Every structure is written in C-alpha cells, then in structure tokens.
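Engineer: Handing over model_36.cif, mmCIF, C-alpha atoms.
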data_coords
#
loop_
_atom_site.label_atom_id
_atom_site.label_comp_id
_atom_site.auth_asym_id
_atom_site.auth_seq_id
_atom_site.Cartn_x
_atom_site.Cartn_y
_atom_site.Cartn_z
CA MET D 1 28.73 3.10 -14.36
CA ARG D 2 25.12 3.72 -13.46
CA ARG D 3 24.35 4.30 -9.79
CA ALA D 4 21.02 4.46 -7.95
CA ILE D 5 20.95 7.67 -5.94
CA VAL D 6 18.33 8.79 -3.42
CA ARG D 7 16.25 11.55 -4.97
CA GLY D 8 13.57 11.83 -2.28
CA THR D 9 12.19 10.34 0.93
CA GLY D 10 8.75 10.25 2.54
CA HIS D 11 6.81 8.49 5.26
CA TYR D 12 3.38 8.09 6.76
CA LEU D 13 2.27 7.13 10.26
CA PRO D 14 -1.38 6.44 11.15
CA GLU D 15 -3.07 9.05 13.34
CA ARG D 16 -3.71 6.74 16.28
CA VAL D 17 -0.82 6.78 18.76
CA VAL D 18 -0.77 3.99 21.36
CA GLU D 19 1.33 4.57 24.46
CA ASN D 20 2.74 1.67 26.49
CA SER D 21 0.22 2.42 29.23
CA TRP D 22 -2.56 1.21 26.89
CA PHE D 23 -1.40 -2.37 27.48
CA GLU D 24 -1.33 -2.19 31.27
CA ASP D 25 -4.97 -3.07 31.88
CA LYS D 26 -4.95 -5.74 29.15
CA LEU D 27 -1.76 -7.68 29.88
CA ASP D 28 0.59 -8.51 32.73
CA THR D 29 2.99 -5.74 31.73
CA THR D 30 3.92 -2.15 32.51
CA ASP D 31 5.24 0.89 30.71
CA ALA D 32 8.50 0.53 32.66
CA TRP D 33 8.90 -3.13 31.67
CA ILE D 34 8.36 -2.43 27.97
CA ARG D 35 10.76 0.53 27.97
CA SER D 36 13.49 -1.34 29.83
CA ARG D 37 13.31 -4.44 27.61
CA THR D 38 12.75 -2.79 24.22
CA GLY D 39 13.22 0.97 24.30
CA ILE D 40 9.70 1.36 22.88
CA GLU D 41 7.47 4.06 24.35
CA ARG D 42 4.66 4.29 21.80
CA ARG D 43 3.60 3.09 18.37
CA HIS D 44 0.97 3.88 15.72
CA PHE D 45 -2.03 1.70 14.90
CA ALA D 46 -3.75 1.87 11.51
CA ALA D 47 -7.45 2.72 11.50
CA ASP D 48 -9.93 -0.08 10.83
CA ASP D 49 -10.54 1.21 7.31
CA GLN D 50 -6.84 1.61 6.44
CA GLY D 51 -5.02 -1.07 4.48
CA THR D 52 -1.30 -1.47 3.93
CA SER D 53 -1.72 0.02 0.46
CA ASP D 54 -3.24 3.19 1.94
CA LEU D 55 -0.18 3.68 4.12
CA GLY D 56 2.11 2.96 1.17
CA ILE D 57 0.31 5.44 -1.09
CA ALA D 58 0.61 8.21 1.51
CA ALA D 59 4.35 7.55 2.00
CA ALA D 60 4.89 7.41 -1.77
CA LYS D 61 3.15 10.76 -2.30
CA ALA D 62 5.36 12.31 0.37
CA ALA D 63 8.50 10.90 -1.27
CA LEU D 64 7.44 12.15 -4.71
CA ALA D 65 6.79 15.62 -3.28
CA ASN D 66 10.21 15.60 -1.59
CA ALA D 67 11.81 14.60 -4.90
CA GLY D 68 9.87 17.19 -6.89
CA LEU D 69 8.47 14.50 -9.19
CA GLN D 70 5.11 13.29 -10.45
CA ALA D 71 3.81 9.72 -10.44
CA ASP D 72 4.38 9.27 -14.17
CA ASP D 73 8.05 10.15 -13.74
CA ILE D 74 8.41 6.76 -12.03
CA ASP D 75 9.21 3.60 -14.01
CA ALA D 76 8.56 1.02 -11.30
CA VAL D 77 7.25 0.50 -7.78
CA ILE D 78 8.51 -2.13 -5.34
CA VAL D 79 6.71 -2.60 -2.04
CA ALA D 80 8.26 -4.61 0.78
CA THR D 81 5.53 -6.01 3.02
CA SER D 82 4.44 -9.11 4.92
CA THR D 83 0.94 -7.76 5.59
CA PRO D 84 -0.64 -7.21 2.16
CA ASP D 85 -4.22 -6.06 1.78
CA TYR D 86 -5.04 -9.22 -0.17
CA THR D 87 -3.34 -12.47 -1.15
CA PHE D 88 -3.28 -10.81 -4.56
CA PRO D 89 -3.08 -8.39 -6.29
CA SER D 90 0.18 -7.03 -4.90
CA VAL D 91 0.24 -3.98 -2.69
CA ALA D 92 2.60 -2.40 -5.22
CA THR D 93 0.00 -2.48 -8.01
CA MET D 94 -2.52 -0.96 -5.62
CA VAL D 95 -0.04 1.81 -4.83
CA GLN D 96 0.56 2.26 -8.56
CA ALA D 97 -3.17 2.72 -9.12
CA GLY D 98 -3.51 4.96 -6.07
CA LEU D 99 -0.82 7.28 -7.39
CA GLY D 100 -2.49 7.45 -10.80
CA MET D 101 0.52 5.94 -12.59
CA THR D 102 -0.33 5.10 -16.20
CA ARG D 103 2.97 3.40 -17.07
CA GLY D 104 5.68 1.18 -15.65
CA PHE D 105 5.44 -1.95 -13.49
CA ALA D 106 5.00 -2.86 -9.84
CA PHE D 107 5.56 -5.86 -7.57
CA ASP D 108 5.95 -6.85 -3.92
CA VAL D 109 8.93 -8.30 -2.05
CA GLN D 110 8.47 -10.40 1.10
CA ALA D 111 11.44 -10.82 3.44
CA VAL D 112 9.65 -9.71 6.63
CA CYS D 113 11.65 -7.12 8.60
CA ALA D 114 14.52 -7.35 6.09
CA GLY D 115 12.10 -6.74 3.23
CA PHE D 116 13.10 -3.15 2.52
CA ILE D 117 16.79 -4.11 2.24
CA PHE D 118 15.87 -6.84 -0.26
CA ALA D 119 13.62 -4.43 -2.19
CA LEU D 120 16.34 -1.76 -2.26
CA SER D 121 18.84 -4.30 -3.57
CA ASN D 122 16.43 -5.34 -6.33
CA ALA D 123 15.80 -1.72 -7.29
CA ASP D 124 19.54 -1.01 -7.36
CA ALA D 125 20.12 -3.94 -9.72
CA MET D 126 17.32 -2.80 -12.03
CA ILE D 127 18.65 0.73 -12.21
CA ARG D 128 22.23 -0.44 -12.75
CA SER D 129 21.08 -2.73 -15.59
CA GLY D 130 19.09 0.02 -17.27
CA GLN D 131 15.71 -1.63 -16.75
CA ALA D 132 14.46 1.49 -14.96
CA ASP D 133 15.60 5.07 -14.46
CA ARG D 134 13.44 6.08 -11.51
CA MET D 135 11.88 3.77 -8.93
CA LEU D 136 9.75 4.05 -5.83
CA VAL D 137 10.89 1.64 -3.12
CA ILE D 138 8.41 1.38 -0.27
CA GLY D 139 8.18 -0.47 3.01
CA ALA D 140 4.60 -0.63 4.32
CA GLU D 141 3.10 -2.74 7.10
CA THR D 142 0.00 -3.21 9.23
CA PHE D 143 1.53 -5.71 11.65
CA THR D 144 -1.13 -4.99 14.26
CA ARG D 145 -3.45 -7.13 12.11
CA ILE D 146 -1.43 -10.29 12.89
CA MET D 147 -0.87 -9.76 16.61
CA ASP D 148 -1.96 -12.18 19.32
CA TRP D 149 -3.12 -9.62 21.87
CA THR D 150 -2.70 -12.11 24.71
CA ASP D 151 1.02 -12.59 24.02
CA ARG D 152 2.81 -9.87 25.96
CA GLY D 153 6.16 -10.89 24.47
CA THR D 154 5.16 -9.84 20.94
CA CYS D 155 2.09 -7.61 20.81
CA VAL D 156 3.75 -4.72 22.67
CA LEU D 157 6.55 -4.58 20.08
CA PHE D 158 4.85 -3.77 16.81
CA GLY D 159 3.26 -0.80 15.11
CA ASP D 160 2.01 0.24 11.68
CA GLY D 161 3.49 2.67 9.17
CA ALA D 162 5.15 3.18 5.80
CA GLY D 163 8.27 4.79 4.38
CA ALA D 164 9.39 5.38 0.80
CA LEU D 165 12.46 6.30 -1.21
CA VAL D 166 12.68 7.60 -4.76
CA LEU D 167 15.76 6.18 -6.47
CA GLU D 168 17.10 7.74 -9.66
CA ALA D 169 19.81 6.68 -12.08
CA ALA D 170 22.96 8.78 -12.20
CA GLU D 171 26.36 8.33 -13.78
CA GLY D 172 29.25 7.48 -11.49
CA ALA D 173 32.92 6.67 -11.91
CA GLY D 174 32.50 3.22 -10.39
CA THR D 175 34.46 4.12 -7.25
CA ALA D 176 33.64 4.42 -3.56
CA GLU D 177 33.42 8.18 -4.07
CA ASP D 178 30.26 7.87 -6.18
CA ARG D 179 26.91 8.98 -4.83
CA GLY D 180 24.17 6.38 -4.48
CA ILE D 181 24.04 2.73 -3.53
CA LEU D 182 27.61 1.41 -3.39
CA ALA D 183 27.04 -2.16 -2.20
CA THR D 184 24.43 -4.57 -0.88
CA ASP D 185 24.65 -7.83 1.06
CA LEU D 186 21.73 -10.28 1.26
CA ASN D 187 21.45 -13.49 3.28
CA SER D 188 18.92 -16.06 4.45
CA ASP D 189 18.87 -19.38 6.29
CA GLY D 190 15.59 -21.29 6.31
CA LYS D 191 16.53 -23.65 9.11
CA TYR D 192 15.72 -20.88 11.58
CA ARG D 193 12.10 -20.60 10.43
CA ASP D 194 10.64 -21.51 13.83
CA LEU D 195 12.36 -18.60 15.58
CA LEU D 196 10.08 -16.01 13.97
CA TYR D 197 7.02 -16.87 11.92
CA VAL D 198 3.25 -16.47 11.48
CA ASP D 199 1.16 -19.54 12.28
CA GLY D 200 -1.24 -19.14 9.36
CA GLY D 201 -1.34 -18.97 5.59
CA VAL D 202 -3.26 -19.69 2.41
CA ALA D 203 -1.94 -23.25 1.95
CA THR D 204 -1.95 -24.22 5.63
CA THR D 205 -4.70 -22.84 7.85
CA GLY D 206 -6.50 -20.62 5.37
CA THR D 207 -6.21 -17.78 7.90
CA ALA D 208 -3.87 -14.85 8.34
CA GLY D 209 -2.56 -16.33 11.60
CA HIS D 210 -0.60 -14.67 14.40
CA LEU D 211 3.04 -13.76 14.83
CA ARG D 212 5.14 -16.15 16.96
CA MET D 213 8.66 -15.42 18.12
CA GLN D 214 11.40 -16.91 20.27
CA GLY D 215 12.68 -13.53 21.38
CA ASN D 216 15.90 -14.52 23.14
CA LEU D 217 17.17 -16.57 20.19
CA VAL D 218 16.19 -13.90 17.66
CA PHE D 219 18.08 -11.34 19.76
CA ARG D 220 21.24 -13.44 19.68
CA HIS D 221 21.10 -14.01 15.92
CA ALA D 222 20.29 -10.36 15.25
CA VAL D 223 23.33 -8.92 17.01
CA GLU D 224 25.72 -11.36 15.37
CA LYS D 225 24.28 -11.29 11.87
CA LEU D 226 23.59 -7.55 11.59
CA ALA D 227 27.16 -6.55 12.41
CA ALA D 228 28.52 -9.21 10.04
CA THR D 229 26.37 -8.19 7.08
CA ALA D 230 27.26 -4.52 7.57
CA HIS D 231 30.97 -5.35 7.58
CA ARG D 232 30.62 -7.40 4.37
CA ALA D 233 28.73 -4.62 2.59
CA LEU D 234 31.31 -2.03 3.66
CA GLU D 235 34.10 -4.28 2.39
CA LYS D 236 32.31 -4.67 -0.96
CA ALA D 237 31.89 -0.89 -1.18
CA GLY D 238 35.51 -0.19 -0.28
CA ILE D 239 34.51 1.90 2.72
CA PRO D 240 36.43 1.52 6.01
CA GLU D 241 34.47 1.06 9.22
CA ASP D 242 35.51 4.49 10.45
CA GLY D 243 34.14 5.99 7.24
CA VAL D 244 30.51 5.41 8.28
CA ASP D 245 28.62 8.62 9.05
CA TRP D 246 25.23 7.11 9.87
CA LEU D 247 23.88 3.69 10.80
CA VAL D 248 20.17 3.20 10.09
CA PRO D 249 19.27 -0.16 11.64
CA HIS D 250 16.01 -2.03 11.69
CA GLN D 251 14.11 -0.51 14.61
CA ALA D 252 13.13 -3.64 16.51
CA ASN D 253 14.71 -3.31 19.92
CA LEU D 254 16.99 -0.66 21.41
CA ARG D 255 19.21 -3.27 23.05
CA ILE D 256 19.84 -4.99 19.70
CA ILE D 257 20.65 -1.63 18.11
CA GLU D 258 23.06 -0.69 20.90
CA ALA D 259 24.83 -4.06 20.76
CA THR D 260 25.16 -3.90 16.96
CA ALA D 261 26.53 -0.34 17.05
CA LYS D 262 29.07 -1.41 19.65
CA ARG D 263 30.27 -4.26 17.41
CA MET D 264 30.67 -1.72 14.58
CA ASN D 265 32.56 0.69 16.85
CA LEU D 266 29.94 3.37 16.26
CA PRO D 267 28.72 5.79 18.95
CA LEU D 268 24.94 6.10 19.33
CA GLU D 269 25.26 9.70 18.12
CA LYS D 270 25.79 8.21 14.64
CA VAL D 271 22.77 5.88 14.87
CA VAL D 272 19.30 6.91 13.69
CA LEU D 273 16.81 5.89 16.38
CA THR D 274 13.04 5.92 15.91
CA VAL D 275 12.11 2.76 17.84
CA ALA D 276 10.85 4.71 20.86
CA ASP D 277 8.13 6.42 18.82
CA HIS D 278 7.34 3.82 16.15
CA GLY D 279 7.99 0.41 17.70
CA ASN D 280 8.83 -2.36 15.25
CA THR D 281 7.20 -1.60 11.90
CA SER D 282 8.90 -4.52 10.12
CA ALA D 283 9.69 -3.67 6.47
CA ALA D 284 8.59 -0.06 7.03
CA SER D 285 11.16 0.42 9.78
CA ILE D 286 14.22 1.48 7.76
CA PRO D 287 12.50 3.72 5.20
CA LEU D 288 10.60 5.39 8.06
CA ALA D 289 13.87 6.05 9.87
CA LEU D 290 15.57 7.28 6.70
CA SER D 291 12.72 9.67 5.94
CA VAL D 292 12.51 11.03 9.49
CA ALA D 293 16.27 11.62 9.64
CA ASN D 294 16.30 13.24 6.20
CA SER D 295 13.39 15.53 7.12
CA GLU D 296 15.41 16.64 10.15
CA GLY D 297 18.37 17.51 7.93
CA ARG D 298 20.66 14.93 9.50
CA PHE D 299 22.00 13.46 6.24
CA GLN D 300 24.42 15.68 4.34
CA PRO D 301 25.51 15.16 0.71
CA GLY D 302 28.48 12.82 0.49
CA GLN D 303 27.90 11.10 3.83
CA ILE D 304 28.01 7.30 4.08
CA VAL D 305 24.82 5.67 5.33
CA VAL D 306 24.58 1.99 6.27
CA ALA D 307 21.14 0.37 6.59
CA GLU D 308 20.74 -3.15 7.98
CA ALA D 309 17.89 -5.45 8.99
CA ILE D 310 17.01 -9.01 10.00
CA GLY D 311 13.62 -10.70 9.90
CA GLY D 312 11.78 -13.99 9.72
CA GLY D 313 13.23 -16.64 7.49
CA LEU D 314 15.69 -15.89 8.86
CA ALA D 315 16.56 -13.26 6.26
CA TRP D 316 19.03 -10.44 6.78
CA GLY D 317 21.09 -7.94 4.84
CA SER D 318 22.53 -4.48 4.51
CA VAL D 319 22.99 -1.60 2.08
CA VAL D 320 25.79 0.96 1.92
CA LEU D 321 25.04 4.22 0.15
CA ARG D 322 26.55 7.65 -0.24
CA TRP D 323 23.91 10.33 0.31
#
Could you spell out this file's structure in structure tokens?

Structural biologist:
Amino acid sequence: MRRAIVRGTGHYLPERVVENSWFEDKLDTTDAWIRSRTGIERRHFAADDQGTSDLGIAAAKAALANAGLQADDIDAVIVATSTPDYTFPSVATMVQAGLGMTRGFAFDVQAVCAGFIFALSNADAMIRSGQADRMLVIGAETFTRIMDWTDRGTCVLFGDGAGALVLEAAEGAGTAEDRGILATDLNSDGKYRDLLYVDGGVATTGTAGHLRMQGNLVFRHAVEKLAATAHRALEKAGIPEDGVDWLVPHQANLRIIEATAKRMNLPLEKVVLTVADHGNTSAASIPLALSVANSEGRFQPGQIVVAEAIGGGLAWGSVVLRW
C-alpha cells in the first residue's frame, strides 16, 4: 500500500523575540508567574509588514531545501491556520505563488491549534489515494494579531511562527513496520465552543476579534482528550504504548504536556519541548517542534513519533508515524 513518508522538515520564526519581562510593565504579571503557570519564557512576534503567508513561505522553502526538492516537485500545498492574511484567497495559494509553483493545487484547513493534525490527515489520505505524490503540509500563524493585550490570561501565551513538512508517497507492506504515517485520529465536539473562541468574524462583527479562553476548563479537556486520542491512534497503527520513541505534543502549556506524558507512561526525555522558546503558536506548534527536533538529529529512521493537539471547536486529534 502507499504510505506518506516525511521527506523534509523546515520552520521559520520571526526575528523579534519577546521575553516574559516585556509584559511586566504592561500587565499585572511577572516573568516568574508566567513561567510557573505555563513553562513559557519567550516567544516570537511577526513584524508589522509580515503576514501569515510570509511565515509559511519561509518555512516551506526551508522544508524543500531539507528535502532536496524544488517547488515544482510538489503536487499540493495545505496550510493549517486560523490567522489568514485575508478572508480569501487562502494562505496556501499565496504560499504556492510565493514559492513559484506553476502546477498543483492548494487550500487551507482551519481547526485552530489542532489544524496541523487535521491537515496532515488530509494529506495522508490524498497520498494514499493517489491524488498526489508529494505534498507540502504547513502550519503558519500570526496569533499576536488577535490578542487582547489587556487580558493577562491569554496574551502572554501566544507567539507567531511557521513549520512545514514535505510528505512523499512510498510503497509499504501495509504493516506497522512501514515507514510513514501509520494512523490518524480526528475528533471534534462543537458544544464546547465557548471554552476557546475568537469574538469576531465576517458574518458576526465584521472584525477580526480577539481570542477568549476559559483556561481551567480547556486544561482539563486537553489532558483527558490528548491522551485518549493518542491511545486510539496507536491502537489503529498496531503500535504498543511502550513502542513510542517520541511524543510531539501541541506546545500550549508545559503542565498540560507533563500531565499528558504521564498518562501515556512516557518520560519527559521522550517528549519534544519547544514551548519555553516559542509559546503557543497554534497550528504552527507541532510542525515547528518536528522541524526543530529533526534539525537537532533527534529523530532516527524507524522511530515511532506521535503528534497530538487540541484547539478551539473543540477539535483534537493525533498522528502516529514511523520516521
């Protein structure tokens, strides 16, 4: 059977680095408070003239270089984002143009912080079905554009950035020993909309709006649902829990990550952590972490990697792949 294997990774972080101390004279907060509650120490802010597509293009170029490919080797581009440059066209078509692609197709996926998992699942299905042979899957966000800078419970959490994977079709035996994406698990439940949302939109206020979150309730759902979706994906893949080499979770909060790893019986040494340096970059979080870890040589061929995320909707899911 056809499998979607990872051919290359890449990421981009804006030049401006914002330490926790930046918030101290603007809000009733401290560096120590932010670190203790979230594990975040700093994050990156996009420049005023940078759009989400600019970040996505830079990450895509890095992934193509890592894969040793050119733009026209790619059949399709999927961008996961909740902060597009415009209502339309899609960020993905803007990335397509920015890369100089003269063929293929491109579209966006919106599942907030779980967006990259949903995009990866879509790309896997397209490659398995033969609709594409090589795909760029990108998570790109400029969440600082929808922050309420008076809300200390949310604005200290988020940063901007982009990460990208090049997926390529390869033949496998159809067993758990194959390389590539082995299983995915996607979920959503709209009754939890009010736990994490943006209070604006085209058909409501006509504005971009600001992010609103009930942090304690989101925390509770995250720990429960992330561990459950990872277990389901592992079961689908035929991989035992003790067969996991690396967990790459959504980088939202260190306490959520620690609690999820504990439920999966994984030591933190097997968890990729970038939250301290990036903050929560929503759909860019997992591809950023994957690219950073890969650039450090942490993933070895044949290792099992589990990625998982939860975001507004609520929407959550996981992917199991063999590197």

Engineer: Using all atoms listed in the file, determine which residues lie at most 10 Å from Asp54 in chain D, disregarding the query and same-chain residues fewer than 4 positions distant; provide the list as JSON, numbers by chain.

Structural biologist: {"D": [12, 14, 46, 49, 50, 58, 59, 60, 85, 91, 94, 95, 98, 140, 161, 162]}

Engineer: Could you please determine the separation between CA of Val18 in chain D and CA of Leu55 in chain D in Å, to one decimal place?

Structural biologist: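 Spanning CA of Val18 in chain D to CA of Leu55 in chain D is a straight-line distance of 17.3 Å.
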
Engineer: Could you pull the residues within 10 Å of range 130-133 of chain D, counting all atoms listed in the file, minus those fewer than 2 positions along the same chain, as number ranges by chain?

Structural biologist: D: 2-4, 73-76, 104-105, 123-128, 135, 167-170

Engineer: Okay, now the selection with C-alpha atoms, as a CSV table (one decimal), in the coordinates of the input?

Structural biologist:
chain,number,residue,atom,x,y,z
D,2,ARG,CA,25.1,3.7,-13.5
D,3,ARG,CA,24.4,4.3,-9.8
D,4,ALA,CA,21.0,4.5,-8.0
D,73,ASP,CA,8.0,10.2,-13.7
D,74,ILE,CA,8.4,6.8,-12.0
D,75,ASP,CA,9.2,3.6,-14.0
D,76,ALA,CA,8.6,1.0,-11.3
D,104,GLY,CA,5.7,1.2,-15.6
D,105,PHE,CA,5.4,-2.0,-13.5
D,123,ALA,CA,15.8,-1.7,-7.3
D,124,ASP,CA,19.5,-1.0,-7.4
D,125,ALA,CA,20.1,-3.9,-9.7
D,126,MET,CA,17.3,-2.8,-12.0
D,127,ILE,CA,18.6,0.7,-12.2
D,128,ARG,CA,22.2,-0.4,-12.8
D,135,MET,CA,11.9,3.8,-8.9
D,167,LEU,CA,15.8,6.2,-6.5
D,168,GLU,CA,17.1,7.7,-9.7
D,169,ALA,CA,19.8,6.7,-12.1
D,170,ALA,CA,23.0,8.8,-12.2

Engineer: Quick check on the file I pasted: which residues fall under the PyMOL selection byres ((chain D and resi 281) around 10)? Write them as a ChimeraX atom specification.

Structural biologist: /D:43-44,112-113,139-144,157-163,250-252,275,278-280,282-286,288

Engineer: Could you tell me how far CA of Ala228 in chain D lies from CA of Gly8 in chain D, in Å and to one decimal?

Structural biologist: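 Separating CA of Ala228 in chain D from CA of Gly8 in chain D is a distance of 28.6 Å.
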
Engineer: Please identify all polymer residues lying at most 10 Å from the point (26.1, 12.8, 6.8) (file coordinates), using all atoms listed in the file, and present the result as a list in words.

Structural biologist: Val244, Asp245, Trp246, Lys270, Asn294, Gly297, Arg298, Phe299, Gln300, Pro301, Gly302, Gln303, Ile304, Val305, Arg322 and Trp323 of chain D

Engineer: Return as JSON, numbers by chain the set of residues that the PyMOL selection byres ((chain D and resi 106) around 6) yields on the displayed structure.

Structural biologist: {"D": [76, 77, 78, 92, 93, 105, 107]}

Engineer: Give the answer as one residue: which of D:Gly238, D:Gly243, D:Pro249, D:Gly115 has the shortest atom-to-atom distance to Ala183 in chain D, using only C-alpha atoms?

Structural biologist: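 Of D:Gly238, D:Gly243, D:Pro249, D:Gly115, the one nearest Ala183 in chain D is D:Gly238, counting only C-alpha atoms.
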
Engineer: How would you write, as a list in words, the residues chosen by the PyMOL selection byres ((chain D and resi 269) around 12) on this structure?

Structural biologist: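 Against this file, the PyMOL selection byres ((chain D and resi 269) around 12) returns the residues Val244, Asp245, Trp246, Leu247, Val248, Glu258, Ala261, Lys262, Asn265, Leu266, Pro267, Leu268, Lys270, Val271, Val272, Leu273 and Arg298 of chain D.
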